[in-house]
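Reading through the structure tokens given below for one structure.
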Amino acid sequence: MADSSSTPETLQFGWEEWISLPALGVPALRAKVDTGARTSALHAFDIETFGSSAKPKVRFTVHPIPGRDDLVIPCSAPLIDRREVASSNGEKELRYVIESTMEVAGQSWPIEITLTDRSSMNSRMLLGRQALKDHISIAATDRFMQPELSYDVYHTKRMREVQPNRALRIAVLSREDNYSTRRLVDEGEKRGHSVEVINTTRCYMAINTLAPEVHYDGKRLPRYDAVIPRIGASITAYGAAVVRQFETIGTYCVNPSAGITASRDKLYAHQIMARAKVGMPNTAFAASPQDTGNLIGLVGTAPLIVKLLESTQGKGVVLAETKKAAESVIDAFRGLKANFLVQDFVKEAAGEDIRCLVIGGKVVASMKRTGAEGDFRSNLHRGGSAKSVRITKTERETALRAAKAFSLGLAGVDLLRSEAGPKVLEVNSSPGMEGIETSTGKNIVGMLYEDIEARVRPVPIRRRKSASK
């Protein structure tokens, strides 16, 4: 591609030419030349602004091939103006204006483009005077004087290669202004995306067949390219319902609602991991007080771990060093009508566990967490410490299998090193970023965005034609 700052060679255009708009991911487009118009116009629909008021952006979709409304190119660009434009029949329309690069015959230069509905026009794009510059001469009676392109490019694997990394609109579902939330916003904006923090409990939903919606503070939320759920344990049910609504709309969610719900239910989570043959400490569950002795016997001898099903960050987790102590703790939990698990205590772990951070089916980082003095729990929230650690192939495979069992795109898998191999304690669907980034020195949030960008990167979308056509 030629440098747009250099002086282009003289080109001769007919009244219709093939062009490409590489920055928008449109490699082939037939455009009509109209010297009577100042600014070029591109056929666009689903036009929507996003981003900050200081740096507004606009996203839209394009049908590059006339008569092929089933082929859709998602685009986005910085917004430079909103301008009143008069059409050939005298009607005035307020249009969004962007600047993008046009390429013809190996030469490229920036042009201004207005976005409008040209579905009734034969040409998907109109080239105005501003785009033609001084080095272009017009032969009004001829067409296609420059090398012809082909719409066939939209049906090849090359389309994925020519797509630009367009700005994405991303929602972070979070009620907390903590390190993880701030990093998700900062890193996303650094990569050119628009990231909005949405308080999960202030979302409400319109549930219907034709147009399911999510509303927030009295307004319908816009279309997002991706949603990053950061659902707190206290609102798991409602948070999962909000994520499920985004899934119904068709938005990509880093972690699905089913995976979030299952990972939070410790009993169900262990059943899922058992089915997936994921190694874990011997675990038992019972509802009747008559089964206390048998319950302990299923797990093994003391010491034992008694764990509330809804425990988080090490809260509600008790080490019973003797059988008598285990019976007392179990009776106390039953008296509170609390649901709990009993687990074998892995002595050789010595108060240490390993947090493996899984993104998009890969372990991208791991850290060893050590409990505070005298505490068997290694949670950083309880004063534990962490350092980067190399994990074995078996540990890596175990972490991946655990995250896959819940279909989580982002997961913190906590495991213990036992004599019998790695044992998974928990799969966290909202893992904290501070400890793992600090201890490993890796840009974990950046890796998450790389995975999101790869999954929602714009490529031609072929929509199904209605049965009536």
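By order in the structure tokens, chains are A, B, ...; within a chain, residues start at 1; ligands start at 1, following the order shown.
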Mind checking which residues fall within 7 Å of stretch 173-181 of chain A, counting only C-alpha atoms, ignoring those fewer than 4 positions away in the same chain, and posting them as number ranges by chain? A: 185, 197-200, 228-231, 432-434
List the spatial neighbours of stretch 25-39 of chain A as a compact mmCIF listing (two decimals) with N, CA and C atoms, in the first residue's frame - criterion: any atom at most 7 Å away, only C-alpha atoms, same-chain residues fewer than 3 positions off excluded.
# COMPACT_ATOMS: atom_id res chain seq x y z
N TRP A 15 -17.04 6.65 -14.92
CA TRP A 15 -18.14 7.05 -14.05
C TRP A 15 -18.45 6.00 -12.98
N GLU A 16 -17.82 4.80 -13.11
CA GLU A 16 -17.94 3.76 -12.10
C GLU A 16 -16.60 3.03 -12.02
N GLU A 17 -16.14 2.78 -10.77
CA GLU A 17 -14.85 2.13 -10.57
C GLU A 17 -14.91 1.16 -9.39
N TRP A 18 -13.99 0.21 -9.41
CA TRP A 18 -13.80 -0.68 -8.26
C TRP A 18 -12.83 -0.01 -7.28
N ILE A 19 -13.19 -0.03 -6.00
CA ILE A 19 -12.31 0.51 -4.96
C ILE A 19 -12.29 -0.47 -3.79
N SER A 20 -11.38 -0.22 -2.86
CA SER A 20 -11.41 -0.97 -1.60
C SER A 20 -11.24 0.00 -0.44
N LEU A 21 -11.82 -0.37 0.70
CA LEU A 21 -11.71 0.41 1.94
C LEU A 21 -11.08 -0.50 2.99
N PRO A 22 -9.75 -0.67 2.95
CA PRO A 22 -9.09 -1.67 3.80
C PRO A 22 -9.27 -1.43 5.29
N PRO A 64 -21.90 -5.15 1.02
CA PRO A 64 -21.02 -4.73 -0.08
C PRO A 64 -21.53 -5.12 -1.47
N GLU A 112 -13.15 11.44 3.24
CA GLU A 112 -14.28 11.57 4.15
C GLU A 112 -15.46 10.79 3.57
N ILE A 113 -16.20 10.14 4.45
CA ILE A 113 -17.34 9.31 4.03
C ILE A 113 -18.52 9.59 4.94
N THR A 114 -19.68 9.85 4.35
CA THR A 114 -20.91 9.94 5.14
C THR A 114 -21.61 8.59 5.10
N SER A 123 -25.55 1.57 -6.73
CA SER A 123 -24.16 1.59 -6.25
C SER A 123 -24.15 1.64 -4.72
N ARG A 124 -23.31 0.80 -4.15
CA ARG A 124 -23.18 0.78 -2.69
C ARG A 124 -22.44 2.00 -2.17
N MET A 125 -21.67 2.68 -3.05
CA MET A 125 -20.91 3.85 -2.62
C MET A 125 -20.90 4.90 -3.72
N LEU A 126 -20.90 6.14 -3.28
CA LEU A 126 -20.79 7.29 -4.18
C LEU A 126 -19.51 8.02 -3.85
N LEU A 127 -18.71 8.34 -4.87
CA LEU A 127 -17.46 9.07 -4.67
C LEU A 127 -17.67 10.54 -5.01
N GLY A 128 -17.48 11.41 -4.01
CA GLY A 128 -17.62 12.85 -4.21
C GLY A 128 -16.30 13.52 -4.54
N ARG A 129 -16.35 14.84 -4.70
CA ARG A 129 -15.15 15.60 -5.12
C ARG A 129 -14.00 15.46 -4.14
N GLN A 130 -14.30 15.48 -2.86
CA GLN A 130 -13.24 15.43 -1.84
C GLN A 130 -12.39 14.17 -1.98
N LEU A 149 -11.79 -5.41 -9.53
CA LEU A 149 -11.74 -6.34 -8.40
C LEU A 149 -12.89 -7.33 -8.55
N SER A 150 -13.07 -8.18 -7.55
CA SER A 150 -14.12 -9.19 -7.65
C SER A 150 -14.79 -9.38 -6.30
N TYR A 151 -16.10 -9.58 -6.33
CA TYR A 151 -16.83 -9.89 -5.12
C TYR A 151 -16.49 -11.28 -4.59
N VAL A 162 -7.79 -10.00 5.92
CA VAL A 162 -7.83 -8.58 5.56
C VAL A 162 -8.69 -7.77 6.53
N GLN A 163 -9.33 -8.42 7.50
CA GLN A 163 -10.18 -7.68 8.42
C GLN A 163 -9.35 -6.87 9.41
N PRO A 164 -9.65 -5.61 9.61
CA PRO A 164 -8.92 -4.78 10.58
C PRO A 164 -9.37 -5.11 12.00
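What separates atom CA of A:Gln146 from atom CA of A:Glu99 is a distance of 22.7 Å.
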With only C-alpha atoms as the counted atoms, please give the residues lying no more than 6 Å from stretch 45-62 of chain A, apart from itself and same-chain residues fewer than 3 positions off, as a PyMOL selection string. chain A and resi 72-79+194
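Proximity ranking of A:Glu397, A:Asp134, A:Asp225, A:Glu437 relative to A:Gly250 places A:Asp225 first, based on only C-alpha atoms.
The shortest atom-to-atom distance to A:Glu321, with only C-alpha atoms taken into account, belongs to A:Thr301 out of A:Thr301, A:Ala338, A:Met280, A:Asp81.
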Report as a PyMOL selection string all protein, DNA and RNA residues lying within 10 Å of stretch 236-245 of chain A, evaluated on only C-alpha atoms, omitting residues in the same chain fewer than 4 positions from it. chain A and resi 173-174+199-201+203-207+212-214+227-232+249-261+264-265
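Interatomic distance, atom CA of A:Asn339 against atom CA of A:Asp353: 24.3 Å.
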